[in-house]
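Asker: This is the structure, below, for whatever I ask next.
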Amino acid sequence: MAITQEKQWSRYYTNRGYDGIKVHYRCNQVQFRGKQCNAALYLHYPNDTDEVVLFRGANEHDHTNSIHRKVFPEEAKENIEELFDLRLKLKKIHQVLQDKIFRITFNQLKNYLVRLRKKKFGPSTLSLGELESLCIEKYTVPQADDEPFVLSYNVTYEDDDDDDNKFRFLYRRKGYGKFLPRQHGYMLTLLIN
Ligand SMILES: [Zn+2]
C-alpha cells in the first residue's frame with residue numbers, strides 16, 4: 001500500500017462517523033509530541049462498500065529544517081549494536097559515536113537503545129500473571145552467587161478482603177544477601193485497582 005511504501009506516515013488517530021471509519025495518518029518526519037507537519041492523509045473505509053479511499057491533504061510538508069529526525073545511517077546502527085553488546089552504558093556509547101563523528105543526538109540514541117533492547121531481550125513489560133509465575137520460578141535460591149532470585153513474594157487479589165490488589169516482591173542477588181541490609185534487594189509493591 002502506498003502509505004507503507006512512502007515510509008513517512010504513522011497512524012495518528014481513527015474516527016468513526018456515519019459514513020464509515022477514517023484512519024488519519026501523520027507525517028512521522030516530525031516528533032509525535034510537538035507541532036505536527038502540515039501534510040497529512042487519511043484512509044476512508046466507507047460503510048457501504050469494501051473499498052478503501054485514500055485522501056491526501058493539499059498541504060505540503062513544512063519541516064525542511066527539522067533534520068534531527070533523519071534515519072540513522074546503517075553504519076551507525078552497527079556501531080551502536082556492537083557497543084551495546086559490549087555492555088557499554090548510554091553515555092559511553094554516545095561519546096564513542098561522537099568521537100567517530102556520527103551525528104546522533106543523545107535522545108535519538110536513547111530511543112534507539114530502547115528498541116534494540118526490546119529486539120534482543122523482548123518487551124520490558126510483564127503482565128501480572130507473568131510476574132507471578134516469574135516469582136514462583138525464581139523462588140528457589142540459585143547456585144550461582146550473582147544470579148538474582150526472589151526472596152519473598154506476596155500476592156493479594158481482589159477476592160480477598162483487602163480493598164486493593166497488591167503484589168509485593170523482594171528480588172535480590174545471592175551474593176548480597178547475608179550481611180547487607182535489605183535495601184540491596186528490590187522491594188516493589190504494585191497496587192492494582
Ligand atoms: Zn511532513
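Residues are referred to by chain and number: the chain letter is A, B, ... according to the order shown in the C-alpha cells, the number counts from 1 in that chain, and ligands are numbered separately from 1 in the order shown.
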Step by step, measure atom-to-atom distances between ligand 1 and each residue using only C-alpha atoms and all ligand atoms, keep those at most 8 Å, then write them as a count of residues only.

Answerer: 15

Asker: Compile the contact shell of Leu113 in chain A as a PyMOL selection string: residues with an atom at most 10 Å away, counting only C-alpha atoms, same-chain residues fewer than 5 positions apart removed.

Answerer: chain A and resi 77+80-81+84+90+107-108+118-119

Asker: Leaving out Lys110 in chain A and any residue of its chain fewer than 5 positions from it, which residues lie within 12 Å of it when counting only C-alpha atoms, given as a list in words?

Answerer: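 Near neighbours after the sequence-gap exclusion: Ile80, Phe84, Lys89, Leu90, Lys91, Lys92, Ile93, His94, Ile104, Thr105, Arg115, Leu116 and Arg117 of chain A.
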
Asker: Hey, what does DSSP flag as alpha helix (DSSP H) within range 28-150 of chain A? Can you give it to me as an MDAnalysis selection string?

Answerer: chainID A and resid 74:85 90:99 106:121 128:137

Asker: How would the residues just picked look written out with N, CA and C atoms as a short mmCIF file (atom, residue, chain, number, x, y, z; two decimals), in the first residue's frame?

Answerer:
```cif
data_model
loop_
_atom_site.label_atom_id
_atom_site.label_comp_id
_atom_site.auth_asym_id
_atom_site.auth_seq_id
_atom_site.Cartn_x
_atom_site.Cartn_y
_atom_site.Cartn_z
N GLU A 74 23.09 3.22 8.35
CA GLU A 74 23.25 1.81 8.74
C GLU A 74 24.54 1.58 9.54
N GLU A 75 25.56 2.29 9.14
CA GLU A 75 26.85 2.10 9.79
C GLU A 75 26.78 2.48 11.27
N ALA A 76 26.03 3.52 11.55
CA ALA A 76 25.88 3.94 12.94
C ALA A 76 25.17 2.85 13.73
N LYS A 77 24.15 2.27 13.12
CA LYS A 77 23.40 1.21 13.80
C LYS A 77 24.31 0.06 14.18
N GLU A 78 25.14 -0.34 13.22
CA GLU A 78 26.06 -1.44 13.50
C GLU A 78 26.99 -1.11 14.66
N ASN A 79 27.48 0.13 14.62
CA ASN A 79 28.35 0.58 15.70
C ASN A 79 27.65 0.52 17.04
N ILE A 80 26.42 1.01 17.06
CA ILE A 80 25.67 1.05 18.31
C ILE A 80 25.46 -0.36 18.84
N GLU A 81 25.09 -1.26 17.92
CA GLU A 81 24.82 -2.62 18.36
C GLU A 81 26.07 -3.27 18.96
N GLU A 82 27.18 -3.00 18.31
CA GLU A 82 28.44 -3.54 18.79
C GLU A 82 28.74 -3.03 20.20
N LEU A 83 28.58 -1.73 20.38
CA LEU A 83 28.86 -1.12 21.68
C LEU A 83 27.88 -1.62 22.73
N PHE A 84 26.64 -1.80 22.29
CA PHE A 84 25.61 -2.30 23.18
C PHE A 84 25.96 -3.70 23.67
N ASP A 85 26.45 -4.52 22.74
CA ASP A 85 26.83 -5.88 23.10
C ASP A 85 28.02 -5.91 24.05
N LEU A 90 24.85 4.04 28.14
CA LEU A 90 24.37 5.04 27.20
C LEU A 90 25.36 6.19 26.97
N LYS A 91 25.82 6.77 28.08
CA LYS A 91 26.72 7.93 27.96
C LYS A 91 27.99 7.58 27.21
N LYS A 92 28.51 6.42 27.53
CA LYS A 92 29.76 5.98 26.91
C LYS A 92 29.55 5.75 25.41
N ILE A 93 28.45 5.09 25.08
CA ILE A 93 28.16 4.83 23.66
C ILE A 93 28.05 6.15 22.91
N HIS A 94 27.35 7.09 23.52
CA HIS A 94 27.18 8.38 22.88
C HIS A 94 28.53 9.04 22.63
N GLN A 95 29.38 8.95 23.61
CA GLN A 95 30.69 9.56 23.49
C GLN A 95 31.51 8.91 22.37
N VAL A 96 31.46 7.59 22.32
CA VAL A 96 32.20 6.88 21.27
C VAL A 96 31.70 7.30 19.89
N LEU A 97 30.36 7.42 19.77
CA LEU A 97 29.79 7.81 18.49
C LEU A 97 30.20 9.23 18.11
N GLN A 98 30.24 10.09 19.11
CA GLN A 98 30.69 11.47 18.85
C GLN A 98 32.12 11.46 18.34
N ASP A 99 32.94 10.65 18.98
CA ASP A 99 34.34 10.58 18.57
C ASP A 99 34.47 10.07 17.14
N PHE A 106 21.66 12.66 21.75
CA PHE A 106 21.56 11.79 22.92
C PHE A 106 20.20 11.11 22.97
N ASN A 107 19.15 11.87 22.69
CA ASN A 107 17.80 11.31 22.73
C ASN A 107 17.56 10.26 21.65
N GLN A 108 18.07 10.54 20.47
CA GLN A 108 17.95 9.55 19.38
C GLN A 108 18.57 8.24 19.79
N LEU A 109 19.76 8.37 20.38
CA LEU A 109 20.48 7.18 20.79
C LEU A 109 19.70 6.44 21.87
N LYS A 110 19.15 7.21 22.80
CA LYS A 110 18.39 6.61 23.90
C LYS A 110 17.21 5.82 23.33
N ASN A 111 16.47 6.44 22.43
CA ASN A 111 15.32 5.77 21.83
C ASN A 111 15.74 4.52 21.07
N TYR A 112 16.84 4.65 20.36
CA TYR A 112 17.28 3.52 19.57
C TYR A 112 17.68 2.35 20.47
N LEU A 113 18.32 2.68 21.59
CA LEU A 113 18.73 1.62 22.51
C LEU A 113 17.53 0.92 23.13
N VAL A 114 16.48 1.69 23.37
CA VAL A 114 15.26 1.09 23.90
C VAL A 114 14.73 0.04 22.93
N ARG A 115 14.72 0.42 21.64
CA ARG A 115 14.23 -0.52 20.62
C ARG A 115 15.15 -1.73 20.50
N LEU A 116 16.45 -1.46 20.57
CA LEU A 116 17.43 -2.52 20.43
C LEU A 116 17.28 -3.53 21.58
N ARG A 117 17.10 -2.99 22.77
CA ARG A 117 16.95 -3.83 23.95
C ARG A 117 15.71 -4.71 23.82
N LYS A 118 14.66 -4.09 23.29
CA LYS A 118 13.42 -4.82 23.10
C LYS A 118 13.62 -5.95 22.09
N LYS A 119 14.36 -5.62 21.02
CA LYS A 119 14.59 -6.60 19.98
C LYS A 119 15.39 -7.78 20.53
N LYS A 120 16.37 -7.47 21.37
CA LYS A 120 17.25 -8.53 21.85
C LYS A 120 16.67 -9.31 23.02
N PHE A 121 15.97 -8.61 23.88
CA PHE A 121 15.52 -9.27 25.11
C PHE A 121 14.02 -9.36 25.24
N LEU A 128 0.78 -9.16 34.98
CA LEU A 128 0.81 -9.56 36.38
C LEU A 128 0.93 -11.07 36.51
N GLY A 129 0.29 -11.78 35.61
CA GLY A 129 0.38 -13.23 35.62
C GLY A 129 1.79 -13.70 35.36
N GLU A 130 2.45 -13.05 34.39
CA GLU A 130 3.84 -13.42 34.09
C GLU A 130 4.74 -13.12 35.28
N LEU A 131 4.44 -12.00 35.91
CA LEU A 131 5.23 -11.61 37.07
C LEU A 131 5.10 -12.65 38.18
N GLU A 132 3.89 -13.09 38.35
CA GLU A 132 3.65 -14.08 39.40
C GLU A 132 4.38 -15.39 39.10
N SER A 133 4.31 -15.83 37.85
CA SER A 133 4.99 -17.09 37.54
C SER A 133 6.50 -16.92 37.58
N LEU A 134 6.96 -15.70 37.28
CA LEU A 134 8.39 -15.43 37.41
C LEU A 134 8.82 -15.55 38.87
N CYS A 135 7.97 -15.05 39.75
CA CYS A 135 8.27 -15.14 41.19
C CYS A 135 8.36 -16.59 41.63
N ILE A 136 7.41 -17.39 41.15
CA ILE A 136 7.42 -18.80 41.53
C ILE A 136 8.68 -19.47 41.01
N GLU A 137 8.99 -19.14 39.77
CA GLU A 137 10.14 -19.76 39.11
C GLU A 137 11.46 -19.37 39.78
#
```

Asker: Provide the CA of Tyr42 in chain A to CA of Val23 in chain A distance in Å, to one decimal place.

Answerer: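 Computing it gives 5.3 Å between the two atoms.
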
Asker: So the first atom is CA of Gly20 in chain A and the second is CA of Phe32 in chain A; what is the distance between them in Å, to one decimal place?

Answerer: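 A separation of 25.7 Å between them.
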